[in-house]
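**Q** Below is the file my_file_4.csv, which contains CSV, C-alpha atoms.
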```csv
chain,number,residue,atom,x,y,z
P,29,MET,CA,94.3,111.2,105.6
P,30,ARG,CA,94.7,111.6,101.9
P,31,ALA,CA,96.8,109.3,99.7
P,32,ALA,CA,97.4,109.2,96.0
P,33,VAL,CA,98.1,106.2,93.7
P,34,LEU,CA,99.8,107.1,90.4
P,35,THR,CA,99.9,104.2,87.9
P,36,ILE,CA,102.6,104.7,85.2
P,37,SER,CA,101.9,102.5,82.2
P,38,ASP,CA,101.6,103.1,78.5
P,39,ARG,CA,99.2,100.1,78.2
P,40,VAL,CA,96.9,101.1,81.1
P,41,SER,CA,96.8,104.7,79.9
P,42,ARG,CA,95.7,103.5,76.5
P,43,GLY,CA,93.0,101.2,77.9
P,44,ALA,CA,94.8,98.2,76.6
P,45,ALA,CA,95.4,96.7,80.1
P,46,GLU,CA,93.7,96.7,83.4
P,47,ASP,CA,95.3,98.6,86.3
P,48,THR,CA,95.6,95.7,88.7
P,49,SER,CA,98.6,97.1,90.6
P,50,GLY,CA,97.0,100.5,91.1
P,51,GLU,CA,93.8,98.8,92.2
P,52,LEU,CA,95.7,96.7,94.7
P,53,ILE,CA,97.5,99.7,96.3
P,54,ASP,CA,94.2,101.6,96.4
P,55,GLU,CA,92.6,98.7,98.4
P,56,LEU,CA,95.6,98.4,100.8
P,57,LEU,CA,95.6,102.1,101.5
P,58,ARG,CA,91.8,102.3,102.0
P,59,GLY,CA,92.1,99.3,104.3
P,60,ASP,CA,94.4,101.4,106.4
P,61,GLY,CA,91.9,104.3,106.5
P,62,TYR,CA,93.3,106.5,103.7
P,63,ASP,CA,91.1,108.5,101.3
P,64,VAL,CA,92.6,107.6,98.0
P,65,GLU,CA,92.9,109.6,94.7
P,66,ARG,CA,93.9,107.7,91.6
P,67,ARG,CA,95.7,108.8,88.4
P,68,VAL,CA,97.1,107.0,85.3
P,69,VAL,CA,99.8,108.4,83.0
P,70,PRO,CA,101.9,106.9,80.2
P,71,ASP,CA,105.6,106.3,80.6
P,72,GLU,CA,106.4,109.9,79.7
P,73,ALA,CA,108.8,111.7,82.1
P,74,ASP,CA,107.1,115.1,81.8
P,75,GLN,CA,103.6,113.6,82.6
P,76,ILE,CA,105.0,111.6,85.5
P,77,THR,CA,106.7,114.6,87.0
P,78,ALA,CA,103.6,116.8,86.6
P,79,ALA,CA,101.3,114.2,88.1
P,80,ILE,CA,103.6,113.7,91.1
P,81,ALA,CA,103.9,117.4,91.7
P,82,GLU,CA,100.1,117.9,91.5
P,83,LEU,CA,99.2,114.9,93.6
P,84,ALA,CA,101.8,115.9,96.2
P,85,GLY,CA,99.9,119.2,96.6
P,86,ARG,CA,96.8,117.3,97.8
P,87,ALA,CA,98.0,114.1,99.5
P,88,ALA,CA,100.2,113.1,102.4
P,89,VAL,CA,101.7,110.2,100.5
P,90,VAL,CA,102.0,109.4,96.7
P,91,LEU,CA,102.6,105.8,95.8
P,92,THR,CA,103.6,105.2,92.2
P,93,THR,CA,103.4,101.8,90.4
P,94,GLY,CA,105.3,101.0,87.2
P,95,GLY,CA,108.2,102.1,85.2
P,96,THR,CA,110.9,101.2,87.7
P,97,GLY,CA,112.7,98.4,85.7
P,98,LEU,CA,115.4,98.4,83.1
P,99,GLY,CA,113.2,98.8,80.0
P,100,PRO,CA,113.8,101.7,77.6
P,101,ARG,CA,110.5,103.3,78.6
P,102,ASP,CA,111.0,102.8,82.4
P,103,VAL,CA,111.6,106.4,83.4
P,104,THR,CA,109.7,106.7,86.7
P,105,PRO,CA,112.8,107.0,88.9
P,106,GLU,CA,114.3,109.7,86.8
P,107,ALA,CA,111.0,111.6,86.6
P,108,THR,CA,110.5,111.2,90.4
P,109,ARG,CA,114.0,112.4,91.2
P,110,SER,CA,113.4,115.6,89.2
P,111,VAL,CA,110.6,116.6,91.5
P,112,LEU,CA,111.9,115.3,94.9
P,113,GLU,CA,113.2,117.9,97.3
P,114,ARG,CA,114.8,115.4,99.6
P,115,ASP,CA,115.7,111.7,99.2
P,116,ALA,CA,114.5,108.9,101.6
P,117,PRO,CA,117.1,106.3,100.6
P,118,GLY,CA,116.2,103.8,103.3
P,119,ILE,CA,112.8,103.1,101.8
P,120,PRO,CA,113.9,101.8,98.4
P,121,GLU,CA,116.8,100.0,100.0
P,122,ALA,CA,114.4,98.2,102.2
P,123,LEU,CA,112.0,97.5,99.3
P,124,ARG,CA,114.8,96.0,97.2
P,125,ALA,CA,116.2,94.0,100.1
P,126,ASP,CA,112.8,92.4,100.7
P,127,SER,CA,112.2,91.9,97.0
P,128,ILE,CA,115.6,90.2,96.4
P,129,ARG,CA,114.8,87.7,99.1
P,130,LYS,CA,111.8,86.7,97.0
P,131,THR,CA,113.0,86.9,93.4
P,132,PRO,CA,116.2,87.6,91.6
P,133,HIS,CA,114.3,90.2,89.6
P,134,GLY,CA,114.4,92.4,92.7
P,135,LEU,CA,117.9,93.3,91.7
P,136,LEU,CA,116.5,95.1,88.6
P,137,SER,CA,114.3,97.5,90.5
P,138,ARG,CA,115.4,101.2,90.3
P,139,GLY,CA,112.6,102.8,92.4
P,140,VAL,CA,113.3,105.8,94.5
P,141,ALA,CA,111.6,107.6,97.4
P,142,GLY,CA,111.7,111.0,98.9
P,143,VAL,CA,109.8,114.1,99.9
P,144,VAL,CA,108.0,116.8,98.0
P,145,GLY,CA,106.9,119.6,100.4
P,146,GLN,CA,105.2,117.6,103.2
P,147,THR,CA,104.4,114.6,101.0
P,148,LEU,CA,106.2,111.3,100.9
P,149,VAL,CA,106.6,109.9,97.4
P,150,VAL,CA,107.5,106.2,96.9
P,151,ASN,CA,108.0,104.3,93.7
P,152,LEU,CA,106.7,100.7,93.8
P,153,PRO,CA,107.1,98.1,91.1
P,154,GLY,CA,104.5,97.6,88.4
P,155,SER,CA,103.5,94.1,89.4
P,156,PRO,CA,100.7,93.4,91.9
P,157,GLY,CA,103.0,91.1,93.9
P,158,GLY,CA,105.7,93.7,94.0
P,159,CYS,CA,103.2,96.3,95.1
P,160,ARG,CA,101.7,94.1,97.8
P,161,ASP,CA,105.1,93.2,99.1
P,162,GLY,CA,106.4,96.7,98.9
P,163,TYR,CA,103.4,98.1,100.8
P,164,ALA,CA,103.9,95.5,103.5
P,165,VAL,CA,107.5,96.7,103.9
P,166,LEU,CA,106.5,100.4,104.0
P,167,GLN,CA,103.3,100.1,106.1
P,168,PRO,CA,104.9,99.8,109.6
P,169,ALA,CA,106.8,103.1,109.1
P,170,LEU,CA,104.3,105.0,107.0
P,171,GLY,CA,102.2,106.6,109.8
P,172,HIS,CA,105.4,107.7,111.6
P,173,ALA,CA,106.9,109.1,108.4
P,174,LEU,CA,103.7,111.1,107.6
P,175,SER,CA,103.5,112.5,111.2
P,176,LEU,CA,107.1,113.6,110.9
P,177,LEU,CA,106.4,115.3,107.6
P,178,ALA,CA,103.4,117.0,109.0
P,179,ASP,CA,105.6,118.2,111.9
P,180,GLU,CA,103.3,116.5,114.4
P,181,PRO,CA,104.5,115.1,117.7
P,182,THR,CA,105.6,111.5,117.4
P,183,GLN,CA,106.5,108.7,119.7
P,184,HIS,CA,109.4,106.3,118.8
P,185,ALA,CA,108.3,102.8,119.6
P,186,GLN,CA,111.2,100.3,119.8
P,187,THR,CA,110.1,97.2,117.8
P,188,SER,CA,112.9,94.8,118.9
P,189,SER,CA,115.6,94.7,121.4
```
What would the structure in this file look like if it were written as structure tokens?
**A**
Amino acid sequence: MRAAVLTISDRVSRGAAEDTSGELIDELLRGDGYDVERRVVPDEADQITAAIAELAGRAAVVLTTGGTGLGPRDVTPEATRSVLERDAPGIPEALRADSIRKTPHGLLSRGVAGVVGQTLVVNLPGSPGGCRDGYAVLQPALGHALSLLADEPTQHAQTSS
């Protein structure tokens, strides 16, 4: 199955910083058997929106990293919302709840998630730790979500009683 990782960072796009978060998400997805496409764009809403739309045309899931905080150039949620066709509010709620248990900075995350066509799009934080933890929250439901989006038969497995 195809996945895409979109790194949103002025510094990474200029070559002034290494893409450690994107690399980590790539490794996690590949470890779960995904074929991964990577892209880097600066913190520019029009470029973020265009990249998400393009990648959604080729991947079952697009995970973004970066631009979800309170900084003046953090426009990833707004850009993502402009391309989403349907929201998936439970995903960012779960990501924030998990993050808040680990750091008070989790309160500052503004990431969103939703659907473009048959593709799930999820904003993850820009830090490697936030990406690792966020993927761990998303991973147990990811396969089921992608099956639902592909209109494939699914089985609901109760995880606790």
**Q** Enumerate, as a PyMOL selection string, the protein, DNA and RNA residues whose atoms approach (109.5, 104.8, 82.9) to within 8 Å, taking into account all atoms listed in the file and the coordinate frame of the file.
**A** chain P and resi 36-37+71-73+94-97+99-107
**Q** Suppose you want the space between atom CA of Ala87 of chain P and atom CA of Ala45 of chain P; what is it in Å?
**A**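 Distance reported for this atom pair: 26.2 Å.
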**Q** Quick one: distance from atom CA of Ser155 of chain P to atom CA of Thr93 of chain P in Å, one decimal?
**A**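 Calculated distance between atom CA of Ser155 of chain P and atom CA of Thr93 of chain P is 7.8 Å.
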**Q** Provide the atom CA of Leu56 of chain P to atom CA of Thr182 of chain P distance in Å, to one decimal place.
**A** 23.4 Å
**Q** Could you check which of P:Ala164, P:Ala88, P:Leu34, P:Val144 is closest to Val69 of chain P, using all atoms listed in the file?
**A**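 Selected residue with least distance to Val69 of chain P: P:Leu34.
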**Q** Residues near Val165 of chain P, anyone? I mean within 10 Å using all atoms listed in the file, not counting same-chain ones fewer than 4 positions away, as a ChimeraX atom specification.
**A** /P:119-120,122-127,159-161,169-170
**Q** Within 7 Å of Val33 of chain P, counting only C-alpha atoms, which residues show up once you throw out same-chain ones fewer than 2 positions away? Write them as a ChimeraX atom specification, please.
**A** /P:31,35,50,54,65-67,90-92
**Q** Please produce a file of the residues just selected, as a PDB file, in the frame of the given file, where the atoms kept are C-alpha atoms.
**A**
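The result, stored in part.pdb:
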```
ATOM      1  CA  ALA P  31      96.800 109.300  99.700  1.00  0.00           C
ATOM      2  CA  THR P  35      99.900 104.200  87.900  1.00  0.00           C
ATOM      3  CA  GLY P  50      97.000 100.500  91.100  1.00  0.00           C
ATOM      4  CA  ASP P  54      94.200 101.600  96.400  1.00  0.00           C
ATOM      5  CA  GLU P  65      92.900 109.600  94.700  1.00  0.00           C
ATOM      6  CA  ARG P  66      93.900 107.700  91.600  1.00  0.00           C
ATOM      7  CA  ARG P  67      95.700 108.800  88.400  1.00  0.00           C
ATOM      8  CA  VAL P  90     102.000 109.400  96.700  1.00  0.00           C
ATOM      9  CA  LEU P  91     102.600 105.800  95.800  1.00  0.00           C
ATOM     10  CA  THR P  92     103.600 105.200  92.200  1.00  0.00           C
TER      11      THR P  92
END
```
**Q** For Ile53 of chain P, which of P:Val150, P:Ile80, P:Val140, P:Leu98 is the closest residue, counting all atoms listed in the file?
**A**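 Answer, going by the shortest atom-to-atom distance: P:Val150.
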**Q** May I have the protein, DNA and RNA residues with an atom at most 8 Å from (95.0, 112.6, 107.7), counting only C-alpha atoms in the file's coordinates, returned as an MDAnalysis selection string?
**A** chainID P and resid 29:30 62 88
**Q** Next, the residues of the selection above should be written as a CSV table (one decimal), in the coordinates of the input with C-alpha atoms.
**A**
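And here is the file that came out, out.csv:
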```csv
chain,number,residue,atom,x,y,z
P,29,MET,CA,94.3,111.2,105.6
P,30,ARG,CA,94.7,111.6,101.9
P,62,TYR,CA,93.3,106.5,103.7
P,88,ALA,CA,100.2,113.1,102.4
```
**Q** Which one is closest to Gln167 of chain P: P:Ala78, P:Val68, P:Ala32, P:Val89? Count all atoms listed in the file.
**A**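 Looking only at the distances to Gln167 of chain P, the closest residue turns out to be P:Val89.
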**Q** Counting all atoms listed in the file, which residue out of P:Leu52, P:Ile128, P:Ala116, P:Ile76 sits closest to Gly157 of chain P?
**A**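 Selected residue with least distance to Gly157 of chain P: P:Leu52.
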**Q** Give me, as a PDB file with C-alpha atoms, in the coordinates of the input, all polymer residues having an atom no more than 9 Å from Leu57 of chain P, counting all atoms listed in the file and skipping those fewer than 6 positions away in the same chain.
**A**
```pdb
ATOM      1  CA  ALA P  31      96.800 109.300  99.700  1.00  0.00           C
ATOM      2  CA  ASP P  63      91.100 108.500 101.300  1.00  0.00           C
ATOM      3  CA  VAL P  64      92.600 107.600  98.000  1.00  0.00           C
ATOM      4  CA  TYR P 163     103.400  98.100 100.800  1.00  0.00           C
TER       5      TYR P 163
END
```
